[in-house]
Structures are given as structure tokens and as C-alpha cells.
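Everything below belongs to model-v2.tsv, which stores TSV, C-alpha atoms.
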```
chain	number	residue	atom	x	y	z
A	118	ALA	CA	120.21	-20.05	14.14
A	119	GLN	CA	119.36	-23.49	12.89
A	120	LYS	CA	120.32	-24.75	9.47
A	121	VAL	CA	119.81	-27.95	7.50
A	122	THR	CA	121.87	-28.77	4.43
A	123	GLN	CA	120.94	-31.43	1.92
A	124	ALA	CA	123.83	-31.27	-0.54
A	125	GLN	CA	122.35	-33.82	-2.95
A	126	THR	CA	119.64	-32.30	-5.15
A	127	GLU	CA	118.63	-35.19	-7.38
A	128	ILE	CA	119.28	-38.92	-7.19
A	129	SER	CA	118.21	-41.50	-9.74
A	130	VAL	CA	118.39	-45.23	-9.05
A	131	VAL	CA	117.06	-48.41	-10.55
A	132	GLU	CA	114.43	-50.31	-8.62
A	133	LYS	CA	115.80	-52.61	-5.90
A	134	GLU	CA	118.94	-50.55	-5.43
A	135	ASP	CA	119.70	-49.16	-1.98
A	136	VAL	CA	119.89	-45.38	-1.74
A	137	THR	CA	121.20	-43.09	1.01
A	138	LEU	CA	120.05	-39.51	1.42
A	139	ASP	CA	122.44	-37.20	3.25
A	140	CYS	CA	121.59	-34.51	5.78
A	141	VAL	CA	123.87	-32.20	7.74
A	142	TYR	CA	122.54	-29.81	10.36
A	143	GLU	CA	123.64	-26.90	12.51
A	144	THR	CA	122.18	-25.91	15.84
A	145	ARG	CA	123.25	-24.37	19.13
A	146	ASP	CA	120.64	-26.31	21.09
A	147	THR	CA	121.94	-29.15	23.21
A	148	THR	CA	118.66	-31.01	22.85
A	149	TYR	CA	117.02	-31.15	19.46
A	150	TYR	CA	115.03	-33.41	17.18
A	151	LEU	CA	115.60	-34.52	13.61
A	152	PHE	CA	112.98	-35.67	11.16
A	153	TRP	CA	112.68	-37.00	7.63
A	154	TYR	CA	109.61	-36.20	5.56
A	155	LYS	CA	108.57	-37.44	2.12
A	156	GLN	CA	106.68	-35.28	-0.39
A	157	PRO	CA	105.29	-37.34	-3.28
A	158	PRO	CA	104.03	-35.68	-6.47
A	159	SER	CA	100.60	-35.27	-4.86
A	160	GLY	CA	102.20	-32.65	-2.59
A	161	GLU	CA	101.40	-33.73	0.96
A	162	LEU	CA	104.35	-33.90	3.34
A	163	VAL	CA	104.41	-37.29	5.02
A	164	PHE	CA	106.30	-37.88	8.27
A	165	LEU	CA	108.72	-40.82	8.04
A	166	ILE	CA	111.11	-40.96	10.98
A	167	ARG	CA	112.34	-38.96	13.95
A	168	ARG	CA	115.45	-39.03	16.12
A	169	ASN	CA	116.20	-37.32	19.44
A	170	SER	CA	119.62	-35.75	19.87
A	171	PHE	CA	120.28	-37.64	23.08
A	172	ASP	CA	119.75	-41.05	21.48
A	173	GLU	CA	122.39	-41.96	18.94
A	174	GLN	CA	121.26	-45.52	18.45
A	175	ASN	CA	120.63	-46.16	14.79
A	176	GLU	CA	117.53	-48.05	13.85
A	177	ILE	CA	115.87	-49.93	11.06
A	178	SER	CA	112.17	-49.78	10.32
A	179	GLY	CA	111.14	-51.96	7.43
A	180	ARG	CA	113.01	-50.74	4.35
A	181	TYR	CA	114.04	-47.51	6.10
A	182	SER	CA	117.09	-47.04	8.26
A	183	TRP	CA	118.91	-44.01	9.56
A	184	ASN	CA	122.39	-43.16	10.71
A	185	PHE	CA	122.61	-40.34	13.25
A	186	GLN	CA	126.12	-39.13	14.10
A	187	LYS	CA	126.29	-36.23	16.50
A	188	SER	CA	130.06	-35.86	16.04
A	189	THR	CA	129.60	-34.95	12.38
A	190	SER	CA	126.11	-33.38	12.76
A	191	SER	CA	124.72	-35.78	10.20
A	192	PHE	CA	121.42	-37.62	9.97
A	193	ASN	CA	121.45	-39.81	6.88
A	194	PHE	CA	118.49	-41.84	5.68
A	195	THR	CA	118.69	-45.08	3.71
A	196	ILE	CA	116.02	-46.82	1.70
A	197	THR	CA	116.79	-50.47	1.08
A	198	ALA	CA	115.54	-52.23	-2.04
A	199	SER	CA	114.01	-49.07	-3.48
A	200	GLN	CA	110.66	-49.18	-5.25
A	201	VAL	CA	109.07	-46.94	-7.87
A	202	VAL	CA	106.63	-45.69	-5.22
A	203	ASP	CA	109.58	-44.27	-3.29
A	204	SER	CA	109.96	-41.61	-5.99
A	205	ALA	CA	109.41	-38.30	-4.20
A	206	VAL	CA	111.18	-35.30	-2.68
A	207	TYR	CA	112.70	-36.09	0.70
A	208	PHE	CA	113.22	-33.40	3.30
A	209	CYS	CA	115.36	-33.48	6.40
A	210	ALA	CA	114.15	-31.17	9.19
A	211	LEU	CA	115.45	-29.95	12.54
A	212	ARG	CA	113.52	-28.78	15.56
A	213	GLY	CA	114.67	-27.25	18.83
A	214	THR	CA	113.02	-27.42	22.20
A	215	GLY	CA	110.48	-25.41	24.12
A	216	ALA	CA	109.62	-22.15	22.41
A	217	ASN	CA	111.83	-23.09	19.46
A	218	SER	CA	109.13	-25.36	18.16
A	219	LYS	CA	109.29	-24.72	14.44
A	220	LEU	CA	110.80	-27.08	11.90
A	221	THR	CA	113.76	-25.91	9.83
A	222	PHE	CA	113.86	-27.80	6.55
A	223	GLY	CA	116.57	-28.50	4.04
A	224	LYS	CA	115.96	-27.85	0.35
A	225	GLY	CA	115.03	-31.44	-0.31
A	226	ILE	CA	116.37	-34.28	-2.45
A	227	THR	CA	114.43	-35.46	-5.48
A	228	LEU	CA	114.61	-39.24	-5.67
A	229	SER	CA	113.63	-40.99	-8.88
A	230	VAL	CA	113.36	-44.75	-8.84
A	231	ARG	CA	113.26	-46.26	-12.33
A	232	PRO	CA	111.70	-49.65	-13.03
B	60	ASP	CA	91.55	-40.86	11.65
B	61	THR	CA	91.02	-37.43	10.08
B	62	GLY	CA	94.21	-35.66	9.08
B	63	VAL	CA	94.95	-31.96	8.71
B	64	SER	CA	92.51	-30.34	6.30
B	65	GLN	CA	93.16	-27.19	4.30
B	66	ASP	CA	90.78	-25.16	2.19
B	67	PRO	CA	90.87	-24.21	-0.61
B	68	ARG	CA	93.35	-26.49	-2.42
B	69	HIS	CA	93.98	-23.88	-5.07
B	70	LYS	CA	93.46	-20.14	-5.17
B	71	ILE	CA	94.04	-17.90	-8.18
B	72	THR	CA	93.66	-14.20	-7.67
B	73	LYS	CA	94.74	-10.88	-9.09
B	74	ARG	CA	97.51	-8.86	-7.57
B	75	GLY	CA	96.22	-6.52	-4.89
B	76	GLN	CA	93.34	-8.72	-3.79
B	77	ASN	CA	92.97	-10.18	-0.30
B	78	VAL	CA	92.90	-13.94	0.24
B	79	THR	CA	92.10	-16.11	3.24
B	80	PHE	CA	93.00	-19.74	3.81
B	81	ARG	CA	91.63	-22.12	6.40
B	82	CYS	CA	93.26	-24.98	8.26
B	83	ASP	CA	91.55	-27.60	10.42
B	84	PRO	CA	94.11	-29.51	12.50
B	85	ILE	CA	93.90	-33.04	13.81
B	86	SER	CA	91.31	-32.77	16.55
B	87	GLU	CA	93.43	-33.52	19.61
B	88	HIS	CA	96.40	-31.44	18.47
B	89	ASN	CA	96.84	-28.16	20.33
B	90	ARG	CA	99.74	-26.83	18.25
B	91	LEU	CA	99.16	-25.47	14.77
B	92	TYR	CA	101.80	-24.23	12.33
B	93	TRP	CA	101.82	-22.35	9.04
B	94	TYR	CA	104.61	-22.77	6.50
B	95	ARG	CA	105.20	-21.48	2.98
B	96	GLN	CA	106.87	-23.51	0.25
B	97	THR	CA	108.08	-22.18	-3.08
B	98	LEU	CA	109.16	-24.29	-6.02
B	99	GLY	CA	112.32	-26.27	-5.41
B	100	GLN	CA	112.60	-25.21	-1.79
B	101	GLY	CA	111.78	-26.72	1.56
B	102	PRO	CA	108.92	-25.32	3.63
B	103	GLU	CA	109.69	-22.11	5.51
B	104	PHE	CA	108.12	-21.39	8.88
B	105	LEU	CA	105.63	-18.52	9.11
B	106	THR	CA	103.92	-18.75	12.49
B	107	TYR	CA	102.57	-21.12	15.11
B	108	PHE	CA	99.88	-21.32	17.74
B	109	GLN	CA	99.53	-23.22	20.95
B	110	ASN	CA	95.80	-23.37	21.52
B	111	GLU	CA	94.60	-19.85	20.66
B	112	ALA	CA	97.88	-18.09	21.50
B	113	GLN	CA	100.17	-17.10	18.65
B	114	LEU	CA	103.59	-17.87	20.12
B	115	GLU	CA	106.00	-17.12	17.30
B	116	LYS	CA	106.02	-15.24	14.02
B	117	SER	CA	108.71	-15.37	11.40
B	118	ARG	CA	110.15	-12.19	9.93
B	119	LEU	CA	108.81	-13.62	6.66
B	120	LEU	CA	105.37	-12.73	7.97
B	121	SER	CA	105.07	-9.15	6.79
B	122	ASP	CA	102.36	-6.81	8.05
B	123	ARG	CA	100.22	-7.90	5.08
B	124	PHE	CA	99.94	-11.35	6.64
B	125	SER	CA	97.79	-12.16	9.64
B	126	ALA	CA	96.90	-15.47	11.23
B	127	GLU	CA	94.28	-16.30	13.81
B	128	ARG	CA	93.15	-19.29	15.78
B	129	PRO	CA	90.25	-17.80	17.74
B	130	LYS	CA	88.98	-20.84	19.61
B	131	GLY	CA	92.07	-22.97	19.57
B	132	SER	CA	90.67	-25.19	16.85
B	133	PHE	CA	90.80	-24.13	13.18
B	134	SER	CA	93.07	-21.36	11.98
B	135	THR	CA	92.93	-18.79	9.18
B	136	LEU	CA	95.78	-17.14	7.33
B	137	GLU	CA	94.96	-13.91	5.51
B	138	ILE	CA	97.12	-12.12	3.00
B	139	GLN	CA	96.14	-8.55	2.21
B	140	ARG	CA	97.08	-6.70	-0.98
B	141	THR	CA	98.65	-9.78	-2.54
B	142	GLU	CA	101.87	-9.44	-4.52
B	143	GLN	CA	103.46	-11.65	-7.18
B	144	GLY	CA	105.98	-12.88	-4.63
B	145	ASP	CA	103.20	-14.34	-2.51
B	146	SER	CA	102.67	-17.11	-5.05
B	147	ALA	CA	103.53	-20.31	-3.19
B	148	MET	CA	102.14	-23.37	-1.49
B	149	TYR	CA	100.87	-22.57	1.99
B	150	LEU	CA	101.11	-25.54	4.31
B	151	CYS	CA	99.44	-26.08	7.65
B	152	ALA	CA	100.64	-28.62	10.21
B	153	SER	CA	99.55	-29.68	13.66
B	154	SER	CA	101.09	-31.58	16.53
B	155	LEU	CA	100.51	-32.55	20.13
B	156	GLY	CA	101.98	-30.05	22.53
B	157	GLY	CA	103.81	-30.90	25.70
B	158	LEU	CA	106.42	-33.20	24.16
B	159	ASP	CA	108.98	-31.65	21.85
B	160	ASN	CA	109.62	-34.82	19.89
B	161	GLN	CA	106.08	-35.03	18.53
B	162	PRO	CA	106.09	-34.93	14.72
B	163	GLN	CA	104.13	-32.29	12.87
B	164	HIS	CA	101.51	-33.66	10.52
B	165	PHE	CA	100.86	-31.67	7.38
B	166	GLY	CA	97.82	-30.96	5.27
B	167	ASP	CA	97.74	-31.03	1.47
B	168	GLY	CA	98.38	-27.30	1.31
B	169	THR	CA	96.77	-24.37	-0.49
B	170	ARG	CA	98.46	-23.38	-3.74
B	171	LEU	CA	98.22	-19.64	-4.30
B	172	SER	CA	98.78	-18.15	-7.75
B	173	ILE	CA	98.88	-14.39	-8.20
B	174	LEU	CA	98.07	-13.14	-11.69
```

Starting from the coordinates I provided, produce the structure as C-alpha cells.
Amino acid sequence: AQKVTQAQTEISVVEKEDVTLDCVYETRDTTYYLFWYKQPPSGELVFLIRRNSFDEQNEISGRYSWNFQKSTSSFNFTITASQVVDSAVYFCALRGTGANSKLTFGKGITLSVRP
Amino acid sequence: DTGVSQDPRHKITKRGQNVTFRCDPISEHNRLYWYRQTLGQGPEFLTYFQNEAQLEKSRLLSDRFSAERPKGSFSTLEIQRTEQGDSAMYLCASSLGGLDNQPQHFGDGTRLSIL
């Protein structure tokens, strides 16, 4: 069975601070995919980033960066220089391969960015 | 670029009534997913289709729930004899098949309230 744990429930930061959202996952698949989604107050889930299990290179995309460590089954997401518009619930999700196509989500982290 | 469209956005009904939701995926996407999200939780997988074939159903999908995708385009999710516990946000997502790393793109959801 697949499982995603987001131990942080709520984070509050002041604008321009950096913030890291933690994600730990469990899977028996040797190949899998990890995603981060954002759900603003309007409700729509917005895809942010994805990482394949066979590529551990960490990347930066604009103000977003992620740290994937297979040894600790973690896929952490960092927002640099946070902005008020970043306020949302952030979900980490895990997907297997082939027939195991569904996403397994964590419970989400509510991020509040104060001006 | 038209995203995933869901109708209605909100549905209020009395316990025991039947309800039906519709999802129109992104036009070139052959995979379509249904999820349910309750307050403070991440989305939970219900079922998914590849073209018109329903390939997986969660055990969350009781016999009161049925989903169809008759022509491999739009999908409907019907709940018969609704119960209080069915109150939730019902999310539809679509993705390109063939490559497992393709992200799922979500609609705005249908919020169901059972009186």
C-alpha cells in the first residue's frame, strides 16, 4: 500500500521568508512519481512540480525548489521569498506505475503568508 | 486551453435522493479520475477510466456509487440514496495516458451537501 505523510499541518510565515514543506512517503514500487499540488481558497487543485523516482537530481524552478531523497523517502518542497498569494493548502502526492495509476495524497499543509 | 470542467459546482439535496455529477476532461486526455475530498483531508481516489474502460475502483466506492464514461469523453458519477456521510467535494481529474509521469489536472470540483 502507498502512503504519504505530511507531518506539518499549519505553517505561518511573514512575506519574503523562505518556507519548506515536508513530505515523507511509503511505497513498495521501485518506480514511482511524486507530485506537489497547491489548493488555494478557491478550491481548484493546481499541479506544481513532479519528480520521478529514478532521478534524484534536485531542481529549482523560479521561487520553487524541491529536495528528493530516496534514502529517507522524503520529497520536500521549498518556496523562496514567499508571497501572500502563496497562501494555500499544499498537498504532496505519490503515484505508482502501470495499473497503479491513482494519486495517493497526504493530508495537506496549510500555509499562511502574512504581509 | 480549456481545463477540466465539472458541473454542477454545488449540489444541495435531501438524504435519500439520487445525485449525478458530470466531468468534461481536457480534450486530448484519455485518462479520467474521480476523487473525493472531505474537510481537512487530502483527496481520496474513487475510480478511474482509460478511454471508456473503468480500470480501477476504490473500496470507498460502495454499491450506491456508479461512474460511467460511455464514449471515452465526459464522465458521470451517480450517487444513489445519498447519506449524510456523502457530503464532500467530488473532484475530477484527467491526464494523458501512456506515460506514467504525466500529472493529473483537476477541475474545480462539485461540492455536495446532504441535508

- request: Anything within 10 Å of (115.2, -43.7, 4.6): list those residues as a list in words, counting all atoms listed in the file and sticking to the file's coordinates.
  value: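 Residues satisfying the cut-off, written out: Asp135, Val136, Thr137, Leu138, Asp139, Trp153, Tyr154, Lys155, Leu165, Ile166, Ile177, Ser178, Gly179, Arg180, Tyr181, Ser182, Trp183, Asn184, Asn193, Phe194, Thr195, Ile196, Thr197, Ser199, Asp203 and Tyr207 of chain A.
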
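Considering all atoms listed in the file, the residue among B:Arg170, B:Arg128, B:Lys73, B:His88 positioned nearest to chain A is B:Arg170.
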
task: With a distance cut-off of 8 Å and all atoms listed in the file, select the neighbouring residues of A:Val206, excluding the residue or stretch itself and same-chain residues fewer than 4 positions from it, and output the selection as a list in words.
output: Lys155, Gln156, Pro157, Gly225, Ile226, Thr227 and Leu228 of chain A

Can you tell me, as lines of an AutoDock Vina configuration file, the centre and edge lengths (Å, one decimal) of the axis-aligned box enclosing all of stretch 210-216 of chain A's listed atoms after padding each side by 3 Å?
```
center_x = 112.5
center_y = -26.7
center_z = 16.7
size_x = 11.8
size_y = 15.0
size_z = 20.9
```

query: Of the residues B:Leu158, B:Val78, B:Ile85, B:Ile71, which is the one nearest to chain A, using only C-alpha atoms?
result: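 Of all the options, B:Leu158 lies closest to chain A.
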